[in-house]
$ cat upload30.cif   # mmCIF, C-alpha atoms
data_my_file
loop_
_atom_site.group_PDB
_atom_site.id
_atom_site.type_symbol
_atom_site.label_atom_id
_atom_site.label_comp_id
_atom_site.auth_asym_id
_atom_site.auth_seq_id
_atom_site.Cartn_x
_atom_site.Cartn_y
_atom_site.Cartn_z
ATOM 1 C CA MET A 1 -23.596 -142.909 -28.006
ATOM 2 C CA PHE A 2 -20.610 -140.793 -27.062
ATOM 3 C CA THR A 3 -18.950 -140.658 -23.675
ATOM 4 C CA ILE A 4 -18.827 -137.197 -22.167
ATOM 5 C CA GLY A 5 -15.158 -136.898 -23.176
ATOM 6 C CA ASP A 6 -15.818 -137.840 -26.805
ATOM 7 C CA PHE A 7 -18.862 -135.557 -26.959
ATOM 8 C CA ALA A 8 -16.829 -132.672 -25.556
ATOM 9 C CA ARG A 9 -14.159 -133.175 -28.229
ATOM 10 C CA HIS A 10 -16.719 -133.286 -31.039
ATOM 11 C CA GLY A 11 -18.504 -130.213 -29.685
ATOM 12 C CA ARG A 12 -15.256 -128.301 -29.022
ATOM 13 C CA VAL A 13 -16.201 -127.613 -25.402
ATOM 14 C CA SER A 14 -14.778 -128.756 -22.087
ATOM 15 C CA VAL A 15 -16.076 -131.636 -20.013
ATOM 16 C CA ARG A 16 -16.496 -129.193 -17.142
ATOM 17 C CA MET A 17 -18.791 -127.031 -19.315
ATOM 18 C CA LEU A 18 -20.918 -130.047 -20.291
ATOM 19 C CA ARG A 19 -21.328 -130.926 -16.606
ATOM 20 C CA HIS A 20 -22.396 -127.346 -15.945
ATOM 21 C CA TYR A 21 -24.956 -127.487 -18.774
ATOM 22 C CA ASP A 22 -26.273 -130.711 -17.262
ATOM 23 C CA ALA A 23 -26.547 -129.189 -13.784
ATOM 24 C CA THR A 24 -28.454 -126.164 -15.095
ATOM 25 C CA GLY A 25 -30.750 -128.233 -17.283
ATOM 26 C CA LEU A 26 -29.531 -126.639 -20.489
ATOM 27 C CA LEU A 27 -28.192 -129.840 -22.045
ATOM 28 C CA ARG A 28 -28.729 -133.062 -20.182
ATOM 29 C CA PRO A 29 -27.059 -136.311 -21.306
ATOM 30 C CA ALA A 30 -29.215 -138.778 -23.214
ATOM 31 C CA HIS A 31 -28.322 -141.510 -20.734
ATOM 32 C CA VAL A 32 -26.637 -141.783 -17.333
ATOM 33 C CA ASP A 33 -25.381 -145.186 -16.274
ATOM 34 C CA PRO A 34 -27.086 -145.829 -12.924
ATOM 35 C CA ALA A 35 -24.189 -147.961 -11.718
ATOM 36 C CA THR A 36 -21.240 -145.762 -12.672
ATOM 37 C CA GLY A 37 -22.843 -142.344 -13.147
ATOM 38 C CA TYR A 38 -21.132 -142.017 -16.536
ATOM 39 C CA ARG A 39 -22.861 -139.597 -18.903
ATOM 40 C CA TYR A 40 -23.569 -140.519 -22.531
ATOM 41 C CA TYR A 41 -24.702 -138.261 -25.392
ATOM 42 C CA THR A 42 -26.117 -138.879 -28.855
ATOM 43 C CA ALA A 43 -24.946 -137.371 -32.123
ATOM 44 C CA ALA A 44 -28.301 -135.600 -32.456
ATOM 45 C CA GLN A 45 -27.488 -133.576 -29.331
ATOM 46 C CA LEU A 46 -24.580 -131.908 -31.134
ATOM 47 C CA ALA A 47 -27.103 -129.664 -32.917
ATOM 48 C CA ARG A 48 -28.479 -128.412 -29.583
ATOM 49 C CA LEU A 49 -24.951 -127.928 -28.259
ATOM 50 C CA ASN A 50 -24.025 -125.911 -31.351
ATOM 51 C CA ARG A 51 -27.073 -123.660 -30.893
ATOM 52 C CA VAL A 52 -26.166 -123.137 -27.229
ATOM 53 C CA ILE A 53 -22.620 -122.113 -28.178
ATOM 54 C CA ALA A 54 -23.867 -119.800 -30.948
ATOM 55 C CA LEU A 55 -26.293 -118.018 -28.608
ATOM 56 C CA LYS A 56 -23.625 -117.697 -25.912
ATOM 57 C CA ASP A 57 -21.263 -116.155 -28.480
ATOM 58 C CA LEU A 58 -23.944 -113.528 -29.147
ATOM 59 C CA GLY A 59 -23.691 -112.560 -25.487
ATOM 60 C CA PHE A 60 -26.886 -114.089 -24.119
ATOM 61 C CA SER A 61 -26.922 -115.362 -20.544
ATOM 62 C CA LEU A 62 -27.448 -119.062 -19.859
ATOM 63 C CA GLN A 63 -30.971 -118.314 -18.627
ATOM 64 C CA GLN A 64 -31.761 -116.461 -21.861
ATOM 65 C CA VAL A 65 -30.243 -119.318 -23.885
ATOM 66 C CA ARG A 66 -32.377 -121.845 -22.011
ATOM 67 C CA ASP A 67 -35.547 -119.813 -22.624
ATOM 68 C CA ILE A 68 -34.750 -119.524 -26.328
ATOM 69 C CA MET A 69 -33.857 -123.197 -26.696
ATOM 70 C CA ASP A 70 -37.004 -124.327 -24.876
ATOM 71 C CA GLU A 71 -39.094 -122.004 -27.082
ATOM 72 C CA ARG A 72 -40.311 -119.928 -24.153
ATOM 73 C CA VAL A 73 -39.294 -116.850 -26.164
ATOM 74 C CA GLY A 74 -41.487 -115.853 -29.118
ATOM 75 C CA VAL A 75 -40.178 -114.703 -32.481
ATOM 76 C CA GLU A 76 -40.865 -111.026 -31.804
ATOM 77 C CA GLU A 77 -39.256 -111.179 -28.374
ATOM 78 C CA LEU A 78 -36.215 -112.909 -29.836
ATOM 79 C CA ARG A 79 -35.987 -110.258 -32.538
ATOM 80 C CA GLY A 80 -36.090 -107.594 -29.829
ATOM 81 C CA MET A 81 -33.391 -109.375 -27.818
ATOM 82 C CA LEU A 82 -31.153 -109.554 -30.880
ATOM 83 C CA ARG A 83 -31.686 -105.867 -31.672
ATOM 84 C CA LEU A 84 -30.825 -104.955 -28.099
ATOM 85 C CA ARG A 85 -27.694 -107.087 -28.263
ATOM 86 C CA ARG A 86 -26.731 -105.416 -31.537
ATOM 87 C CA ALA A 87 -27.100 -101.986 -29.939
ATOM 88 C CA GLU A 88 -24.965 -103.098 -26.970
ATOM 89 C CA LEU A 89 -22.230 -104.372 -29.298
ATOM 90 C CA GLU A 90 -22.301 -101.157 -31.350
ATOM 91 C CA ALA A 91 -21.957 -99.099 -28.153
ATOM 92 C CA ALA A 92 -19.073 -101.274 -26.998
ATOM 93 C CA MET A 93 -17.336 -100.853 -30.364
ATOM 94 C CA ALA A 94 -17.784 -97.077 -30.205
ATOM 95 C CA GLU A 95 -16.345 -96.972 -26.676
ATOM 96 C CA ALA A 96 -13.415 -99.159 -27.739
ATOM 97 C CA ALA A 97 -12.722 -96.832 -30.673
ATOM 98 C CA ALA A 98 -12.836 -93.797 -28.377
ATOM 99 C CA ARG A 99 -10.524 -95.519 -25.903
ATOM 100 C CA LEU A 100 -8.086 -96.263 -28.735
ATOM 101 C CA VAL A 101 -8.040 -92.567 -29.655
ATOM 102 C CA ARG A 102 -7.248 -91.655 -26.040
ATOM 103 C CA VAL A 103 -4.496 -94.276 -25.848
ATOM 104 C CA GLU A 104 -2.910 -92.914 -29.019
ATOM 105 C CA ALA A 105 -3.100 -89.371 -27.626
ATOM 106 C CA ARG A 106 -1.353 -90.441 -24.412
ATOM 107 C CA LEU A 107 1.253 -92.310 -26.426
ATOM 108 C CA ARG A 108 1.996 -89.194 -28.480
ATOM 109 C CA SER A 109 2.213 -87.199 -25.264
ATOM 110 C CA ILE A 110 4.739 -89.645 -23.774
ATOM 111 C CA GLU A 111 6.790 -89.727 -26.970
ATOM 112 C CA SER A 112 6.933 -85.924 -27.102
ATOM 113 C CA GLU A 113 8.263 -85.541 -23.554
ATOM 114 C CA GLY A 114 11.606 -83.806 -23.533
ATOM 115 C CA HIS A 115 10.984 -82.160 -26.899
ATOM 116 C CA MET A 116 10.103 -78.529 -27.508
ATOM 117 C CA PRO A 117 6.440 -78.185 -28.456
ATOM 118 C CA THR A 118 5.785 -77.099 -32.007
ATOM 119 C CA ASN A 119 2.565 -75.312 -30.998
ATOM 120 C CA ASP A 120 2.700 -71.529 -30.678
ATOM 121 C CA VAL A 121 1.760 -70.259 -27.207
ATOM 122 C CA ILE A 122 0.605 -66.648 -26.962
ATOM 123 C CA LEU A 123 0.048 -64.522 -23.859
ATOM 124 C CA LYS A 124 -2.965 -62.251 -24.139
ATOM 125 C CA SER A 125 -5.846 -60.782 -22.185
ATOM 126 C CA VAL A 126 -9.323 -62.234 -22.663
ATOM 127 C CA PRO A 127 -12.287 -59.834 -22.491
ATOM 128 C CA ALA A 128 -15.486 -60.492 -20.593
ATOM 129 C CA VAL A 129 -18.084 -62.372 -22.585
ATOM 130 C CA ARG A 130 -21.797 -63.043 -22.148
ATOM 131 C CA VAL A 131 -22.776 -66.680 -22.465
ATOM 132 C CA ALA A 132 -25.728 -68.996 -22.094
ATOM 133 C CA GLU A 133 -24.793 -72.191 -20.325
ATOM 134 C CA LEU A 134 -25.779 -75.491 -18.794
ATOM 135 C CA THR A 135 -23.771 -77.225 -16.066
ATOM 136 C CA ALA A 136 -23.215 -80.826 -14.987
ATOM 137 C CA THR A 137 -20.651 -82.798 -12.979
ATOM 138 C CA ALA A 138 -17.957 -85.100 -14.376
ATOM 139 C CA ALA A 139 -16.034 -87.740 -12.439
ATOM 140 C CA SER A 140 -12.676 -86.119 -13.245
ATOM 141 C CA TYR A 141 -10.900 -83.729 -15.608
ATOM 142 C CA GLU A 142 -9.728 -86.632 -17.795
ATOM 143 C CA PRO A 143 -10.954 -86.433 -21.428
ATOM 144 C CA GLU A 144 -12.732 -89.785 -21.081
ATOM 145 C CA ASP A 145 -14.826 -88.360 -18.226
ATOM 146 C CA ILE A 146 -15.378 -84.890 -19.703
ATOM 147 C CA GLY A 147 -16.424 -86.029 -23.196
ATOM 148 C CA PRO A 148 -19.574 -88.012 -22.271
ATOM 149 C CA VAL A 149 -20.775 -85.082 -20.140
ATOM 150 C CA ILE A 150 -20.077 -82.028 -22.265
ATOM 151 C CA GLY A 151 -21.390 -83.398 -25.576
ATOM 152 C CA PRO A 152 -24.961 -84.033 -24.345
ATOM 153 C CA LEU A 153 -24.856 -80.725 -22.421
ATOM 154 C CA TYR A 154 -24.227 -78.795 -25.632
ATOM 155 C CA ASP A 155 -26.925 -80.733 -27.496
ATOM 156 C CA GLU A 156 -29.438 -79.879 -24.795
ATOM 157 C CA LEU A 157 -28.254 -76.247 -24.547
ATOM 158 C CA PHE A 158 -28.725 -75.621 -28.269
ATOM 159 C CA ARG A 159 -32.153 -77.272 -28.139
ATOM 160 C CA ARG A 160 -33.264 -74.997 -25.298
ATOM 161 C CA LEU A 161 -31.824 -71.878 -26.926
ATOM 162 C CA ASP A 162 -33.701 -72.665 -30.124
ATOM 163 C CA ALA A 163 -36.930 -73.146 -28.156
ATOM 164 C CA ALA A 164 -36.322 -69.758 -26.476
ATOM 165 C CA GLY A 165 -35.640 -68.047 -29.810
ATOM 166 C CA ILE A 166 -32.045 -67.180 -28.898
ATOM 167 C CA THR A 167 -29.365 -67.431 -31.592
ATOM 168 C CA PRO A 168 -25.707 -67.820 -30.515
ATOM 169 C CA THR A 169 -23.553 -64.851 -31.505
ATOM 170 C CA GLY A 170 -20.123 -66.425 -31.057
ATOM 171 C CA PRO A 171 -18.245 -69.646 -30.393
ATOM 172 C CA GLY A 172 -18.790 -72.166 -27.662
ATOM 173 C CA VAL A 173 -16.811 -71.625 -24.449
ATOM 174 C CA ALA A 174 -16.383 -74.644 -22.196
ATOM 175 C CA TYR A 175 -14.907 -74.020 -18.768
ATOM 176 C CA TYR A 176 -14.400 -75.987 -15.583
ATOM 177 C CA GLU A 177 -14.080 -75.703 -11.827
ATOM 178 C CA ASP A 178 -13.696 -78.082 -8.907
ATOM 179 C CA ALA A 179 -17.021 -79.522 -7.748
ATOM 180 C CA PRO A 180 -18.069 -78.568 -4.196
ATOM 181 C CA GLU A 181 -18.228 -82.212 -3.127
ATOM 182 C CA GLY A 182 -14.525 -82.683 -3.927
ATOM 183 C CA GLY A 183 -13.121 -86.114 -4.679
ATOM 184 C CA GLY A 184 -11.606 -84.900 -7.912
ATOM 185 C CA ARG A 185 -15.028 -84.268 -9.440
ATOM 186 C CA ILE A 186 -15.372 -81.368 -11.874
ATOM 187 C CA LEU A 187 -18.169 -78.923 -12.662
ATOM 188 C CA VAL A 188 -18.492 -78.806 -16.445
ATOM 189 C CA HIS A 189 -19.915 -75.599 -17.935
ATOM 190 C CA ALA A 190 -21.078 -75.917 -21.547
ATOM 191 C CA ALA A 191 -21.516 -72.333 -22.713
ATOM 192 C CA VAL A 192 -21.944 -70.383 -25.950
ATOM 193 C CA GLN A 193 -21.726 -66.655 -26.612
ATOM 194 C CA VAL A 194 -25.099 -64.898 -26.856
ATOM 195 C CA SER A 195 -26.570 -61.422 -26.926
ATOM 196 C CA ALA A 196 -29.431 -61.770 -24.463
ATOM 197 C CA PRO A 197 -30.545 -60.419 -21.070
ATOM 198 C CA LEU A 198 -29.090 -62.011 -17.957
ATOM 199 C CA ARG A 199 -31.269 -64.847 -16.678
ATOM 200 C CA GLU A 200 -31.169 -67.823 -14.379
ATOM 201 C CA ASP A 201 -34.059 -70.254 -14.512
ATOM 202 C CA GLY A 202 -34.757 -73.929 -15.009
ATOM 203 C CA ASP A 203 -33.934 -73.874 -18.719
ATOM 204 C CA PHE A 204 -30.457 -72.324 -18.802
ATOM 205 C CA VAL A 205 -28.345 -69.524 -17.356
ATOM 206 C CA VAL A 206 -27.211 -66.358 -19.142
ATOM 207 C CA ARG A 207 -24.239 -64.817 -17.358
ATOM 208 C CA ASP A 208 -21.160 -62.712 -17.964
ATOM 209 C CA LEU A 209 -17.873 -64.572 -17.781
ATOM 210 C CA PRO A 210 -15.302 -62.246 -16.205
ATOM 211 C CA PRO A 211 -12.285 -61.108 -18.195
ATOM 212 C CA VAL A 212 -8.963 -62.889 -17.833
ATOM 213 C CA GLU A 213 -6.172 -60.386 -17.302
ATOM 214 C CA GLN A 214 -3.508 -62.707 -18.661
ATOM 215 C CA ALA A 215 -3.998 -66.070 -20.373
ATOM 216 C CA ALA A 216 -1.530 -68.411 -22.040
ATOM 217 C CA THR A 217 -3.281 -69.614 -25.153
ATOM 218 C CA ILE A 218 -2.639 -72.421 -27.607
ATOM 219 C CA VAL A 219 -4.621 -73.752 -30.565
ATOM 220 C CA HIS A 220 -5.562 -77.421 -30.684
ATOM 221 C CA ARG A 221 -6.497 -78.962 -34.017
ATOM 222 C CA GLY A 222 -8.529 -82.165 -33.940
ATOM 223 C CA SER A 223 -11.021 -83.931 -31.722
ATOM 224 C CA MET A 224 -11.011 -82.984 -28.054
ATOM 225 C CA ASP A 225 -10.425 -86.667 -27.342
ATOM 226 C CA THR A 226 -6.839 -86.012 -28.502
ATOM 227 C CA VAL A 227 -6.322 -82.741 -26.621
ATOM 228 C CA LEU A 228 -3.917 -84.179 -24.026
ATOM 229 C CA PRO A 229 -0.620 -83.514 -25.904
ATOM 230 C CA THR A 230 -1.708 -79.923 -26.657
ATOM 231 C CA ALA A 231 -2.774 -79.318 -23.057
ATOM 232 C CA GLN A 232 0.518 -80.701 -21.761
ATOM 233 C CA ALA A 233 2.481 -78.586 -24.235
ATOM 234 C CA LEU A 234 0.684 -75.558 -22.819
ATOM 235 C CA ALA A 235 1.478 -76.638 -19.247
ATOM 236 C CA HIS A 236 5.170 -77.137 -20.127
ATOM 237 C CA TRP A 237 5.310 -73.659 -21.678
ATOM 238 C CA ILE A 238 3.728 -72.057 -18.614
ATOM 239 C CA ASP A 239 6.248 -73.711 -16.307
ATOM 240 C CA ALA A 240 9.248 -73.012 -18.545
ATOM 241 C CA ASN A 241 8.439 -69.320 -18.969
ATOM 242 C CA GLY A 242 8.120 -68.227 -15.354
ATOM 243 C CA HIS A 243 4.360 -68.435 -14.966
ATOM 244 C CA ARG A 244 1.938 -70.483 -12.914
ATOM 245 C CA SER A 245 -1.552 -71.601 -13.783
ATOM 246 C CA THR A 246 -4.354 -70.028 -11.750
ATOM 247 C CA GLY A 247 -7.258 -72.129 -12.990
ATOM 248 C CA TYR A 248 -8.549 -74.593 -15.534
ATOM 249 C CA PRO A 249 -8.199 -73.537 -19.183
ATOM 250 C CA ARG A 250 -11.242 -72.373 -21.085
ATOM 251 C CA GLU A 251 -11.896 -74.171 -24.362
ATOM 252 C CA VAL A 252 -13.096 -71.835 -27.113
ATOM 253 C CA SER A 253 -14.481 -73.670 -30.141
ATOM 254 C CA LEU A 254 -13.212 -71.740 -33.153
ATOM 255 C CA GLU A 255 -14.311 -74.270 -35.781
ATOM 256 C CA CYS A 256 -16.615 -77.245 -35.245
ATOM 257 C CA PRO A 257 -17.314 -78.996 -38.573
ATOM 258 C CA GLU A 258 -19.117 -82.330 -38.658
ATOM 259 C CA ASN A 259 -15.809 -84.207 -38.792
ATOM 260 C CA ARG A 260 -14.437 -83.917 -35.249
ATOM 261 C CA ASP A 261 -10.898 -84.437 -36.534
ATOM 262 C CA ASP A 262 -11.159 -81.020 -38.225
ATOM 263 C CA TRP A 263 -12.149 -79.118 -35.081
ATOM 264 C CA VAL A 264 -10.108 -76.073 -34.072
ATOM 265 C CA THR A 265 -10.153 -75.166 -30.371
ATOM 266 C CA GLU A 266 -8.235 -72.526 -28.443
ATOM 267 C CA LEU A 267 -7.178 -73.361 -24.894
ATOM 268 C CA GLN A 268 -7.011 -70.260 -22.686
ATOM 269 C CA ALA A 269 -5.211 -70.932 -19.390
ATOM 270 C CA PRO A 270 -5.292 -68.077 -16.842
ATOM 271 C CA VAL A 271 -1.767 -67.459 -15.529
ATOM 272 C CA ALA A 272 0.196 -65.237 -13.188
ATOM 273 C CA GLN A 273 3.892 -64.649 -12.605
ATOM 274 C CA ALA A 274 5.430 -67.512 -10.659
#

$ encode --input "upload30.cif" --output "structure tokens"
Amino acid sequence: MFTIGDFARHGRVSVRMLRHYDATGLLRPAHVDPATGYRYYTAAQLARLNRVIALKDLGFSLQQVRDIMDERVGVEELRGMLRLRRAELEAAMAEAAARLVRVEARLRSIESEGHMPTNDVILKSVPAVRVAELTATAASYEPEDIGPVIGPLYDELFRRLDAAGITPTGPGVAYYEDAPEGGGRILVHAAVQVSAPLREDGDFVVRDLPPVEQAATIVHRGSMDTVLPTAQALAHWIDANGHRSTGYPREVSLECPENRDDWVTELQAPVAQA
């Protein structure tokens, strides 16, 4: 038999963890000296310890590990638990990849501070346009809060337009406004140009966006997850050229191929003389 210290070294775990496994009934020692209270383990128990560690590394809770080890979980249920865990890990990897893209965008924005933007900013008027739209609320105007809201909105909008027999006649136009409840929350409007009668019902809204007398516009190339440097270049231009922003920019999707890195989007910021 091994003492608890020797068993911990062989199993590559801490003594504290073995005591915790004992207390929870997950891995009890083979023998406890009644006089000293010392715990002793057998070599055969290393196999159970290894299975416990392997299941924990997969992300299962101690209760789930105990149920699996004690065969209270059937094969089909275990298969379902593993599939669910796989889906959770895939979602976490996707979120980590998206967060990395946002970090790189912020890094590029910081590194470009103090330099003249290479993007061309153009002042122009924007005509009124008829759009069909759906609206939802995002926690903030940050790309990481806007992205998870606007993507599903557009998917649902196109599904409802198809069911209604309405074909878009122009690009998507995303626009934003402060939510009535405040707290930095943003109303996200996912819209697309259409040629259809005005309507407002439970499916979607068809409305006329008003013209913008003067807008500072800039073209962003790439995923909207990396829009921050372009948006800040536009803000720097507005400030440096004697204007002030009078609202959130509209985002007009000029090209939206399957590869998001090849997207082309025009930002249209309404401005006035400072």

$ resolve_selection --input "upload30.cif" --expression "the PyMOL selection byres ((chain A and resi 147) around 12)" --output "number ranges by chain"
A: 95, 98-99, 102, 136-146, 148-154, 174, 188, 190, 223-227

$ write_last_selection --input "upload30.cif" --atoms "C-alpha atoms" --output "PDB file, in the coordinates of the input"
ATOM      1  CA  GLU A  95     -16.345 -96.972 -26.676  1.00  0.00           C
ATOM      2  CA  ALA A  98     -12.836 -93.797 -28.377  1.00  0.00           C
ATOM      3  CA  ARG A  99     -10.524 -95.519 -25.903  1.00  0.00           C
ATOM      4  CA  ARG A 102      -7.248 -91.655 -26.040  1.00  0.00           C
ATOM      5  CA  ALA A 136     -23.215 -80.826 -14.987  1.00  0.00           C
ATOM      6  CA  THR A 137     -20.651 -82.798 -12.979  1.00  0.00           C
ATOM      7  CA  ALA A 138     -17.957 -85.100 -14.376  1.00  0.00           C
ATOM      8  CA  ALA A 139     -16.034 -87.740 -12.439  1.00  0.00           C
ATOM      9  CA  SER A 140     -12.676 -86.119 -13.245  1.00  0.00           C
ATOM     10  CA  TYR A 141     -10.900 -83.729 -15.608  1.00  0.00           C
ATOM     11  CA  GLU A 142      -9.728 -86.632 -17.795  1.00  0.00           C
ATOM     12  CA  PRO A 143     -10.954 -86.433 -21.428  1.00  0.00           C
ATOM     13  CA  GLU A 144     -12.732 -89.785 -21.081  1.00  0.00           C
ATOM     14  CA  ASP A 145     -14.826 -88.360 -18.226  1.00  0.00           C
ATOM     15  CA  ILE A 146     -15.378 -84.890 -19.703  1.00  0.00           C
ATOM     16  CA  PRO A 148     -19.574 -88.012 -22.271  1.00  0.00           C
ATOM     17  CA  VAL A 149     -20.775 -85.082 -20.140  1.00  0.00           C
ATOM     18  CA  ILE A 150     -20.077 -82.028 -22.265  1.00  0.00           C
ATOM     19  CA  GLY A 151     -21.390 -83.398 -25.576  1.00  0.00           C
ATOM     20  CA  PRO A 152     -24.961 -84.033 -24.345  1.00  0.00           C
ATOM     21  CA  LEU A 153     -24.856 -80.725 -22.421  1.00  0.00           C
ATOM     22  CA  TYR A 154     -24.227 -78.795 -25.632  1.00  0.00           C
ATOM     23  CA  ALA A 174     -16.383 -74.644 -22.196  1.00  0.00           C
ATOM     24  CA  VAL A 188     -18.492 -78.806 -16.445  1.00  0.00           C
ATOM     25  CA  ALA A 190     -21.078 -75.917 -21.547  1.00  0.00           C
ATOM     26  CA  SER A 223     -11.021 -83.931 -31.722  1.00  0.00           C
ATOM     27  CA  MET A 224     -11.011 -82.984 -28.054  1.00  0.00           C
ATOM     28  CA  ASP A 225     -10.425 -86.667 -27.342  1.00  0.00           C
ATOM     29  CA  THR A 226      -6.839 -86.012 -28.502  1.00  0.00           C
ATOM     30  CA  VAL A 227      -6.322 -82.741 -26.621  1.00  0.00           C
TER      31      VAL A 227
END

$ closest_residue --input "upload30.cif" --among "A:Glu181, A:Arg19, A:Cys256, A:Gln273" --to "Gly242 (chain A)" --atoms "all atoms listed in the file"
A:Gln273

$ resolve_selection --input "upload30.cif" --expression "the PyMOL selection byres ((chain A and resi 20-34) around 9)" --output "list in words"
Met1, Ile4, Val15, Arg16, Met17, Leu18, Arg19, Ala35, Thr36, Gly37, Tyr38, Arg39, Tyr40, Tyr41, Thr42, Gln45, Arg48, Leu49, Val52, Leu62, Gln63, Val65, Arg66, Met69 and Asp70 of chain A

$ residues_around --input "upload30.cif" --residues "Thr230 (chain A)" --least-positions-apart "2" --cutoff "8 Å" --atoms "all atoms listed in the file" --output "list in words"
Asn119, Ile218, Val219, His220, Val227, Leu228, Gln232, Ala233 and Leu234 of chain A

$ write_last_selection --input "upload30.cif" --atoms "C-alpha atoms" --output "PDB file, keeping the file's coordinate frame"
ATOM      1  CA  ASN A 119       2.565 -75.312 -30.998  1.00  0.00           C
ATOM      2  CA  ILE A 218      -2.639 -72.421 -27.607  1.00  0.00           C
ATOM      3  CA  VAL A 219      -4.621 -73.752 -30.565  1.00  0.00           C
ATOM      4  CA  HIS A 220      -5.562 -77.421 -30.684  1.00  0.00           C
ATOM      5  CA  VAL A 227      -6.322 -82.741 -26.621  1.00  0.00           C
ATOM      6  CA  LEU A 228      -3.917 -84.179 -24.026  1.00  0.00           C
ATOM      7  CA  GLN A 232       0.518 -80.701 -21.761  1.00  0.00           C
ATOM      8  CA  ALA A 233       2.481 -78.586 -24.235  1.00  0.00           C
ATOM      9  CA  LEU A 234       0.684 -75.558 -22.819  1.00  0.00           C
TER      10      LEU A 234
END

$ atom_distance --input "upload30.cif" --atom1 "CA of Glu133 (chain A)" --atom2 "CA of Arg207 (chain A)"
8.0 Å

$ residues_around --input "upload30.cif" --residues "Pro127 (chain A)" --least-positions-apart "4" --cutoff "8 Å" --atoms "all atoms listed in the file" --output "MDAnalysis selection string"
chainID A and resid 210:212

$ write_last_selection --input "upload30.cif" --atoms "C-alpha atoms" --output "PDB file, keeping the file's coordinate frame"
ATOM      1  CA  PRO A 210     -15.302 -62.246 -16.205  1.00  0.00           C
ATOM      2  CA  PRO A 211     -12.285 -61.108 -18.195  1.00  0.00           C
ATOM      3  CA  VAL A 212      -8.963 -62.889 -17.833  1.00  0.00           C
TER       4      VAL A 212
END

$ resolve_selection --input "upload30.cif" --expression "the PyMOL selection byres ((chain A and resi 252) around 6)" --output "ChimeraX atom specification"
/A:172-173,251,253,265-266

$ residues_near_point --input "upload30.cif" --point "(-4.2, -64.9, -11.7)" --cutoff "12 Å" --atoms "only C-alpha atoms" --output "MDAnalysis selection string"
chainID A and resid 125 211:216 243:248 269:274

$ residues_around --input "upload30.cif" --residues "Asp262 (chain A)" --least-positions-apart "3" --cutoff "8 Å" --atoms "all atoms listed in the file" --output "CSV table (one decimal) with C-alpha atoms, keeping the file's coordinate frame"
chain,number,residue,atom,x,y,z
A,221,ARG,CA,-6.5,-79.0,-34.0
A,222,GLY,CA,-8.5,-82.2,-33.9
A,223,SER,CA,-11.0,-83.9,-31.7
A,255,GLU,CA,-14.3,-74.3,-35.8
A,256,CYS,CA,-16.6,-77.2,-35.2
A,257,PRO,CA,-17.3,-79.0,-38.6
A,259,ASN,CA,-15.8,-84.2,-38.8

$ atom_distance --input "upload30.cif" --atom1 "CA of Leu267 (chain A)" --atom2 "CA of Asp208 (chain A)"
18.9 Å

$ axis_aligned_box --input "upload30.cif" --around "region 92-106 of chain A" --padding-each-side "5 Å" --output "AutoDock Vina command-line options"
--center_x -10.2 --center_y -95.3 --center_z -27.5 --size_x 27.7 --size_y 21.9 --size_z 16.3

$ atom_distance --input "upload30.cif" --atom1 "CA of Tyr176 (chain A)" --atom2 "CA of Arg159 (chain A)"
21.8 Å
